[in-house]
Every structure is written in structure tokens, then in C-alpha cells.
Amino acid sequence: MELSLSPDAVRAVDPVPELLQILNQVPGLPQHKERLFTILAELMTNAIDHGLLGLDSSLKHSPEGFDAYYRERDARLAELRDGQVRIALTHVPLHRGSQLTIRIEDSGPGFDFTRPNTDLAMNDTGAGRGIALISSLCQKINFHGKGNCVEVVYVLEPAA
């Protein structure tokens, strides 16, 4: 499945619940919905907040910063006129279980994905945990292009 979101669509709808509803129709995926929600939500947030809107997560290092971050997010989202987020989901049955590949690409400038990720256990701030969290849930995470495209592979093991 492939989907492209324009600025109007990004403002109007959160695609994560809709995508989960579709994925819940695939045998074996419903018991993974919490993990899939986390993965999709993190990927979409990164694509929109950092890719399209150019927000800096360092604002979220204090309680006051969270408020400032979300006020700035709302303002930039209201002004967004260009750009898009493309989502591709590919589900492939395997001999045992299946594999879900999620690819999300934004039209933003990207980021330096070669920097080391912050270890989840070592990060006690309110920001910078998304990639480490996704990495802990997925079997693979790869960045493409200038860092504005991420592809993750989530393997679903069969129920015991």
C-alpha cells in the first residue's frame, strides 16, 4: 500500500490510526498493534515535525520547552504550503511468520543519520529517543537519500 500526504492532508488527518485499521485486517498483525502504533507514530512525527516543519527537538528539554515546541509546531503546520510525506507498507508472508516493511519519506532537507543514536537507557531528556526506540522494536532500520527517507523492517513471529 502506498499513500502520499499533501500539506492539507497532514493538517487534516492523523494517518496512523487509519493505517493501523488497515493493518489489523492482515492475519497475525492485530496482536502487534501497540508496537506498530509506536513505530508508525514515531516515523510520522519525525517526517512531519523535523522533515516538513523543520522543528528542533532540543526545545523539549524542559517542561516549558514542550509548550514552546507544540506552539511552534501548530504555527508552522498552519503555514505549511509545500511538501509531502509518502508512506509505503509492504507485508510479505514468510515460512514462519511474516515481515512488514514500512517506508516513510518526507520532502524535507533530511538529517545526518550517520551520527550515533542515543541509547534509550542513557537518555533522560524529553527528546532524541525516537530512532533508538524504533531500532529497539524493528529488525532493521535504514536511511536513504539525505536522511529524509527511512525504511524499517518488522518481523512478526508466529504465535506459540
# chains A, B, ... in the order shown; residues from 1 in each chain; ligands from 1
>>> closest_atom_pairs(of="segment 40-86 of chain A", to="segment 91-106 of chain A", cutoff="7 Å", atoms="only C-alpha atoms", output="Markdown table")
| residue | atom | partner | partner_atom | distance |
| --- | --- | --- | --- | --- |
| A:Leu43 | CA | A:Ile104 | CA | 7.0 |
| A:Ala47 | CA | A:Asp106 | CA | 5.5 |
| A:Gly51 | CA | A:Asp106 | CA | 5.8 |
| A:Leu52 | CA | A:Asp106 | CA | 6.7 |
| A:Gln84 | CA | A:Asp106 | CA | 5.8 |
| A:Val85 | CA | A:Asp106 | CA | 4.4 |
| A:Arg86 | CA | A:Glu105 | CA | 5.1 |
>>> write_last_selection(atoms="all heavy atoms", output="mmCIF file, in the first residue's frame")
data_model
loop_
_atom_site.group_PDB
_atom_site.id
_atom_site.type_symbol
_atom_site.label_atom_id
_atom_site.label_comp_id
_atom_site.auth_asym_id
_atom_site.auth_seq_id
_atom_site.Cartn_x
_atom_site.Cartn_y
_atom_site.Cartn_z
ATOM 1 N N LEU A 43 7.743 7.397 13.342
ATOM 2 C CA LEU A 43 8.181 7.703 11.981
ATOM 3 C C LEU A 43 7.422 8.894 11.396
ATOM 4 O O LEU A 43 8.017 9.768 10.758
ATOM 5 C CB LEU A 43 8.024 6.476 11.082
ATOM 6 C CG LEU A 43 8.945 5.296 11.382
ATOM 7 C CD1 LEU A 43 8.564 4.092 10.523
ATOM 8 C CD2 LEU A 43 10.410 5.662 11.181
ATOM 9 N N ALA A 47 8.906 12.605 10.353
ATOM 10 C CA ALA A 47 8.738 13.105 8.988
ATOM 11 C C ALA A 47 8.054 14.472 8.972
ATOM 12 O O ALA A 47 8.476 15.377 8.239
ATOM 13 C CB ALA A 47 7.940 12.103 8.151
ATOM 14 N N GLY A 51 11.069 16.822 9.244
ATOM 15 C CA GLY A 51 11.211 16.885 7.795
ATOM 16 C C GLY A 51 10.480 18.050 7.171
ATOM 17 O O GLY A 51 11.081 18.897 6.511
ATOM 18 N N LEU A 52 9.172 18.111 7.376
ATOM 19 C CA LEU A 52 8.369 19.164 6.743
ATOM 20 C C LEU A 52 8.433 20.494 7.488
ATOM 21 O O LEU A 52 8.498 21.551 6.875
ATOM 22 C CB LEU A 52 6.906 18.731 6.639
ATOM 23 C CG LEU A 52 6.580 17.589 5.692
ATOM 24 C CD1 LEU A 52 5.078 17.379 5.623
ATOM 25 C CD2 LEU A 52 7.146 17.827 4.305
ATOM 26 N N GLN A 84 5.500 17.073 1.145
ATOM 27 C CA GLN A 84 4.646 15.897 1.247
ATOM 28 C C GLN A 84 5.339 14.827 2.069
ATOM 29 O O GLN A 84 6.554 14.862 2.257
ATOM 30 C CB GLN A 84 4.277 15.353 -0.120
ATOM 31 C CG GLN A 84 5.431 14.792 -0.912
ATOM 32 C CD GLN A 84 4.972 14.207 -2.243
ATOM 33 O OE1 GLN A 84 3.814 13.927 -2.462
ATOM 34 N NE2 GLN A 84 5.921 13.998 -3.141
ATOM 35 N N VAL A 85 4.541 13.889 2.524
ATOM 36 C CA VAL A 85 5.035 12.694 3.195
ATOM 37 C C VAL A 85 4.480 11.512 2.422
ATOM 38 O O VAL A 85 3.273 11.442 2.168
ATOM 39 C CB VAL A 85 4.578 12.624 4.672
ATOM 40 C CG1 VAL A 85 5.013 11.315 5.305
ATOM 41 C CG2 VAL A 85 5.129 13.800 5.466
ATOM 42 N N ARG A 86 5.376 10.614 2.031
ATOM 43 C CA ARG A 86 4.972 9.405 1.322
ATOM 44 C C ARG A 86 5.160 8.208 2.248
ATOM 45 O O ARG A 86 6.198 8.068 2.892
ATOM 46 C CB ARG A 86 5.791 9.231 0.042
ATOM 47 C CG ARG A 86 5.394 10.213 -1.043
ATOM 48 C CD ARG A 86 6.167 10.010 -2.340
ATOM 49 N NE ARG A 86 7.600 10.249 -2.230
ATOM 50 C CZ ARG A 86 8.165 11.449 -2.212
ATOM 51 N NH1 ARG A 86 7.418 12.530 -2.270
ATOM 52 N NH2 ARG A 86 9.476 11.572 -2.130
#
>>> select_by_dssp(residues="chain A", states="helix (DSSP H, G or I)", output="ChimeraX atom specification")
/A:7-12,15-23,30-52,57-61,63-79,120-122,130-137
>>> select_by_dssp(residues="chain A", states="strand (DSSP E)", output="ChimeraX atom specification")
/A:2-5,85-93,98-106,140-144,149-156
>>> residues_around(residues="Gly130 of chain A", least_positions_apart="4", cutoff="9 Å", atoms="only C-alpha atoms", output="VMD selection string")
chain A and resid 39 42 to 43 46 120 134 to 135
>>> residues_around(residues="segment 68-76 of chain A", least_positions_apart="6", cutoff="9 Å", atoms="only C-alpha atoms", output="PyMOL selection string")
chain A and resi 49+53-60
>>> write_last_selection(atoms="C-alpha atoms", output="tab-separated table (two decimals), in the first residue's frame")
chain	number	residue	atom	x	y	z
A	49	ASP	CA	7.91	17.69	12.70
A	53	LEU	CA	8.29	21.67	9.61
A	54	GLY	CA	11.99	21.86	10.48
A	55	LEU	CA	11.40	21.77	14.24
A	56	ASP	CA	14.30	21.32	16.65
A	57	SER	CA	13.74	18.67	19.34
A	58	SER	CA	16.12	20.41	21.74
A	59	LEU	CA	13.23	22.70	22.67
A	60	LYS	CA	11.68	19.74	24.51
